[in-house]
Amino acid sequence: MRENGPVTSATRQPETPACATPPRLIATDLDGTLLRDDKSVSPRTVAALAAAEEAGIEVFFVTGRPARWMDVVSAHVHGHGLAICGNGAAVVDLHGGPGAHRFVKVRELARENALDAVRLLREAAPGTVYAVEQTYGFHQEPAYPKMHMEKPDHLLPAEEILAVDGLGAGEPVLKILAFHPDLDPDAFLTLARLAVDDRATVTRSSPSALLEISGPGVSKASTLALECAERGISHQEVVAFGDMPNDVEMLTWAGRSYAMGNAHPAVLAAASGRTAANNDDGVAVVIERLLAARD
């Protein structure tokens, strides 16, 4: 199922005081937030997630990760088993376990927009190299660094990968990854947003100068807003957690939001609250407090 275009607003609206609105959904980022630096989920966090689901609070993993990297949490999806992946580009059913996930919703990046973004960013930041994430495929340019323990399906220039009649033309493009070897990460993000403008959504979650480019209006926040609207859940009933710029819109939209103790300055400014760092189980700390307040 593909979806794009105007969606439920992901802009924060006037709030009811947080204490007057019991949470119905917890939305949490993974890397740097729910996961410890060794990519594990601590026993305390596992227990807190299970307790939230037991109390009738849905838990959504909302991540920049592609679906194939969701094995770190596939054992902890509980009830609905859904996750928002690729910074909002896909909603995935994880019930089948690693390698057997099912795409429930896809908000793709049109190839024309992707090609525009590649061209404009090459002009604005010479030396930028690209990789392309599709629903199942992953392709990269030869000069793109080997950042993860996976082999790309193809090594080709981005323009060939993204050609309308090119590789995997029948398979949606979820996002482009743009890497620059020299630029400051935040400066690269600002430059890219100015260059690409409204042709795509540009964000980042890596400590390096690695940007993630999705379809116009596609973000963690806008896809989470869609999922909540389908469930009759208001933004006031959502508690969100994050640590990097790709979490800012989600934290701004949610009725209650928490920046991790290790969060980027933009996240600290966007969230309505703070919690402990990811290595200190900051998400579990807040969930435990929320559940205690319901007793």
# chains A, B, ... in the order shown; residues from 1 in each chain; ligands from 1
$ closest_atom_pairs --of "range 147-250 of chain A" --to "range 254-263 of chain A" --cutoff "12 Å" --atoms "only C-alpha atoms" --output "tab-separated table"
residue	atom	partner	partner_atom	distance
A:Ser205	CA	A:Ala263	CA	10.7
A:Ser206	CA	A:Ala263	CA	11.9
A:Pro207	CA	A:Ala263	CA	11.2
A:Lys220	CA	A:Ala254	CA	11.2
A:Ala221	CA	A:Ala254	CA	8.4
A:Ser222	CA	A:Ala254	CA	11.0
A:Leu224	CA	A:Ala254	CA	9.5
A:Ala225	CA	A:Ala254	CA	9.1
A:Cys228	CA	A:Ala254	CA	10.7
A:Ile233	CA	A:Ala254	CA	10.9
A:Ser234	CA	A:Gly255	CA	8.4
A:His235	CA	A:Ala254	CA	5.1
A:Gln236	CA	A:Gly255	CA	3.9
A:Glu237	CA	A:Gly255	CA	6.2
A:Val238	CA	A:Ala254	CA	5.3
A:Val239	CA	A:Arg256	CA	4.8
A:Ala240	CA	A:Ser257	CA	4.6
A:Phe241	CA	A:Tyr258	CA	4.9
A:Gly242	CA	A:Ala259	CA	5.5
A:Asp243	CA	A:Ala263	CA	4.1
A:Met244	CA	A:Ala263	CA	6.1
A:Pro245	CA	A:Ala263	CA	9.1
A:Asn246	CA	A:Ala263	CA	11.4
A:Asp247	CA	A:Ala259	CA	9.2
A:Val248	CA	A:Ala259	CA	9.3
A:Glu249	CA	A:Ala254	CA	8.7
A:Met250	CA	A:Ala254	CA	6.2
$ residues_around --residues "Cys85 in chain A" --least-positions-apart "2" --cutoff "8 Å" --atoms "only C-alpha atoms" --output "short mmCIF file (atom, residue, chain, number, x, y, z; two decimals) with N, CA and C atoms, in the first residue's frame"
data_model
loop_
_atom_site.label_atom_id
_atom_site.label_comp_id
_atom_site.auth_asym_id
_atom_site.auth_seq_id
_atom_site.Cartn_x
_atom_site.Cartn_y
_atom_site.Cartn_z
N VAL A 62 9.77 3.84 16.25
CA VAL A 62 9.76 4.82 15.17
C VAL A 62 11.21 5.17 14.87
N THR A 63 11.72 4.71 13.75
CA THR A 63 13.16 4.70 13.53
C THR A 63 13.55 5.11 12.11
N GLY A 64 14.78 5.52 11.96
CA GLY A 64 15.33 5.73 10.62
C GLY A 64 15.81 4.44 9.99
N ARG A 65 15.89 3.38 10.77
CA ARG A 65 16.39 2.09 10.27
C ARG A 65 15.49 1.53 9.17
N PRO A 66 16.07 0.82 8.21
CA PRO A 66 15.24 0.07 7.27
C PRO A 66 14.65 -1.15 7.96
N ALA A 67 13.64 -1.72 7.36
CA ALA A 67 12.95 -2.86 7.97
C ALA A 67 13.89 -4.03 8.23
N ALA A 83 5.93 -1.27 13.22
CA ALA A 83 6.99 -0.30 13.45
C ALA A 83 6.99 0.69 12.29
N ASN A 87 12.42 6.62 8.73
CA ASN A 87 11.98 7.99 9.05
C ASN A 87 10.57 8.30 8.56
N GLY A 88 9.70 7.29 8.63
CA GLY A 88 8.31 7.51 8.24
C GLY A 88 7.97 7.01 6.86
N ALA A 89 8.96 6.51 6.11
CA ALA A 89 8.70 6.07 4.74
C ALA A 89 7.93 4.76 4.67
N ALA A 90 7.91 3.99 5.77
CA ALA A 90 7.22 2.70 5.74
C ALA A 90 6.68 2.33 7.11
N VAL A 91 5.52 1.70 7.12
CA VAL A 91 4.99 1.04 8.32
C VAL A 91 5.09 -0.45 8.05
N VAL A 92 5.74 -1.16 8.97
CA VAL A 92 6.10 -2.55 8.73
C VAL A 92 5.55 -3.44 9.84
#
$ select_by_dssp --residues "range 189-227 of chain A" --states "alpha helix (DSSP H)" --output "list in words"
Leu189, Thr190, Leu191, Ala192, Arg193, Leu194, Ala195, Val196, Lys220, Ala221, Ser222, Thr223, Leu224, Ala225, Leu226 and Glu227 of chain A
$ atom_distance --atom1 "CA of Ile176 in chain A" --atom2 "CA of Lys151 in chain A"
16.6 Å
$ select_by_dssp --residues "range 71-129 of chain A" --states "strand (DSSP E)" --output "ChimeraX atom specification"
/A:82-85,90-93,102-106,129
$ closest_residue --among "A:Val132, A:Leu30, A:Met70, A:Ala48" --to "Leu174 in chain A" --atoms "only C-alpha atoms"
A:Val132
$ atom_distance --atom1 "CA of Ala209 in chain A" --atom2 "CA of Asp182 in chain A"
7.7 Å
$ closest_residue --among "A:Thr275, A:Asp197, A:Leu226, A:Ala284" --to "Ile26 in chain A" --atoms "only C-alpha atoms"
A:Ala284
$ residues_around --residues "Ala51 in chain A" --least-positions-apart "6" --cutoff "9 Å" --atoms "only C-alpha atoms" --output "ChimeraX atom specification"
/A:57,287-288,291
$ write_last_selection --atoms "C-alpha atoms" --output "mmCIF file, in the first residue's frame"
data_model
loop_
_atom_site.group_PDB
_atom_site.id
_atom_site.type_symbol
_atom_site.label_atom_id
_atom_site.label_comp_id
_atom_site.auth_asym_id
_atom_site.auth_seq_id
_atom_site.Cartn_x
_atom_site.Cartn_y
_atom_site.Cartn_z
ATOM 1 C CA ILE A 57 -0.582 1.435 26.057
ATOM 2 C CA ILE A 287 7.597 4.463 31.358
ATOM 3 C CA GLU A 288 7.916 3.242 34.932
ATOM 4 C CA LEU A 291 2.684 3.489 34.919
#
$ closest_residue --among "A:Glu53, A:Asp71, A:Gly166, A:Leu115" --to "Lys39 in chain A" --atoms "only C-alpha atoms"
A:Asp71
$ closest_residue --among "A:His95, A:Arg107, A:Arg193, A:His154" --to "Gly81 in chain A" --atoms "only C-alpha atoms"
A:His95
$ atom_distance --atom1 "CA of Leu210 in chain A" --atom2 "CA of Val59 in chain A"
28.0 Å
$ residues_around --residues "Asp186 in chain A" --least-positions-apart "4" --cutoff "9 Å" --atoms "only C-alpha atoms" --output "VMD selection string"
chain A and resid 190 to 191 204 209
$ write_last_selection --atoms "C-alpha atoms" --output "PDB file, in the first residue's frame"
ATOM      1  CA  THR A 190      21.337  23.171   6.761  1.00  0.00           C
ATOM      2  CA  LEU A 191      22.937  23.444   3.330  1.00  0.00           C
ATOM      3  CA  ARG A 204      19.938  13.224   9.841  1.00  0.00           C
ATOM      4  CA  ALA A 209      27.835  14.014   7.770  1.00  0.00           C
TER       5      ALA A 209
END
$ residues_around --residues "Ala169 in chain A" --least-positions-apart "3" --cutoff "12 Å" --atoms "only C-alpha atoms" --output "PyMOL selection string"
chain A and resi 110-111+134-135+137+160-166+172-173
$ write_last_selection --atoms "N, CA, C and O atoms" --output "tab-separated table (two decimals), in the first residue's frame"
chain	number	residue	atom	x	y	z
A	110	ALA	N	9.41	9.88	-4.85
A	110	ALA	CA	9.31	9.77	-6.31
A	110	ALA	C	10.69	9.91	-6.93
A	110	ALA	O	11.51	10.72	-6.49
A	111	ARG	N	10.94	9.12	-7.95
A	111	ARG	CA	12.27	9.13	-8.57
A	111	ARG	C	12.62	10.49	-9.15
A	111	ARG	O	13.79	10.90	-9.11
A	134	GLN	N	15.49	1.04	-1.06
A	134	GLN	CA	14.17	0.69	-1.56
A	134	GLN	C	13.49	-0.21	-0.52
A	134	GLN	O	14.06	-0.47	0.54
A	135	THR	N	12.30	-0.65	-0.82
A	135	THR	CA	11.61	-1.48	0.16
A	135	THR	C	12.43	-2.71	0.52
A	135	THR	O	12.54	-3.09	1.69
A	137	GLY	N	15.55	-3.48	-1.63
A	137	GLY	CA	16.88	-3.33	-2.20
A	137	GLY	C	17.69	-2.22	-1.56
A	137	GLY	O	17.14	-1.26	-1.00
A	160	GLU	N	21.92	6.61	-12.25
A	160	GLU	CA	21.54	5.35	-12.91
A	160	GLU	C	20.61	4.53	-12.02
A	160	GLU	O	19.65	3.90	-12.49
A	161	ILE	N	20.89	4.54	-10.73
A	161	ILE	CA	20.05	3.80	-9.79
A	161	ILE	C	18.63	4.34	-9.80
A	161	ILE	O	17.65	3.59	-9.73
A	162	LEU	N	18.51	5.68	-9.89
A	162	LEU	CA	17.22	6.34	-9.73
A	162	LEU	C	16.51	6.62	-11.05
A	162	LEU	O	15.40	7.17	-11.03
A	163	ALA	N	17.10	6.28	-12.15
A	163	ALA	CA	16.45	6.52	-13.44
A	163	ALA	C	15.06	5.88	-13.44
A	163	ALA	O	14.85	4.79	-12.88
A	164	VAL	N	14.11	6.57	-14.04
A	164	VAL	CA	12.72	6.11	-14.01
A	164	VAL	C	12.58	4.71	-14.57
A	164	VAL	O	11.74	3.92	-14.13
A	165	ASP	N	13.42	4.36	-15.56
A	165	ASP	CA	13.39	3.01	-16.13
A	165	ASP	C	14.61	2.21	-15.69
A	165	ASP	O	15.00	1.23	-16.32
A	166	GLY	N	15.22	2.61	-14.56
A	166	GLY	CA	16.45	2.00	-14.10
A	166	GLY	C	16.21	0.84	-13.15
A	166	GLY	O	15.16	0.19	-13.15
A	172	PRO	N	9.36	0.70	-4.82
A	172	PRO	CA	9.43	2.06	-4.29
A	172	PRO	C	10.79	2.42	-3.70
A	172	PRO	O	11.45	1.59	-3.07
A	173	VAL	N	11.19	3.67	-3.91
A	173	VAL	CA	12.36	4.23	-3.24
A	173	VAL	C	11.88	4.83	-1.91
A	173	VAL	O	10.95	5.64	-1.88
$ residues_around --residues "Ala131 in chain A" --least-positions-apart "3" --cutoff "6 Å" --atoms "only C-alpha atoms" --output "number ranges by chain"
A: 139-140, 176-177
$ residues_around --residues "Phe138 in chain A" --least-positions-apart "3" --cutoff "6 Å" --atoms "only C-alpha atoms" --output "PyMOL selection string"
chain A and resi 132-133+152-153
$ write_last_selection --atoms "C-alpha atoms" --output "JSON list (two decimals), in the first residue's frame"
[["chain", "number", "residue", "atom", "x", "y", "z"],
["A", 132, "VAL", "CA", 19.50, 4.40, -2.21],
["A", 133, "GLU", "CA", 17.11, 2.47, 0.04],
["A", 152, "PRO", "CA", 24.89, -3.45, -1.59],
["A", 153, "ASP", "CA", 22.89, -5.01, -4.39]]
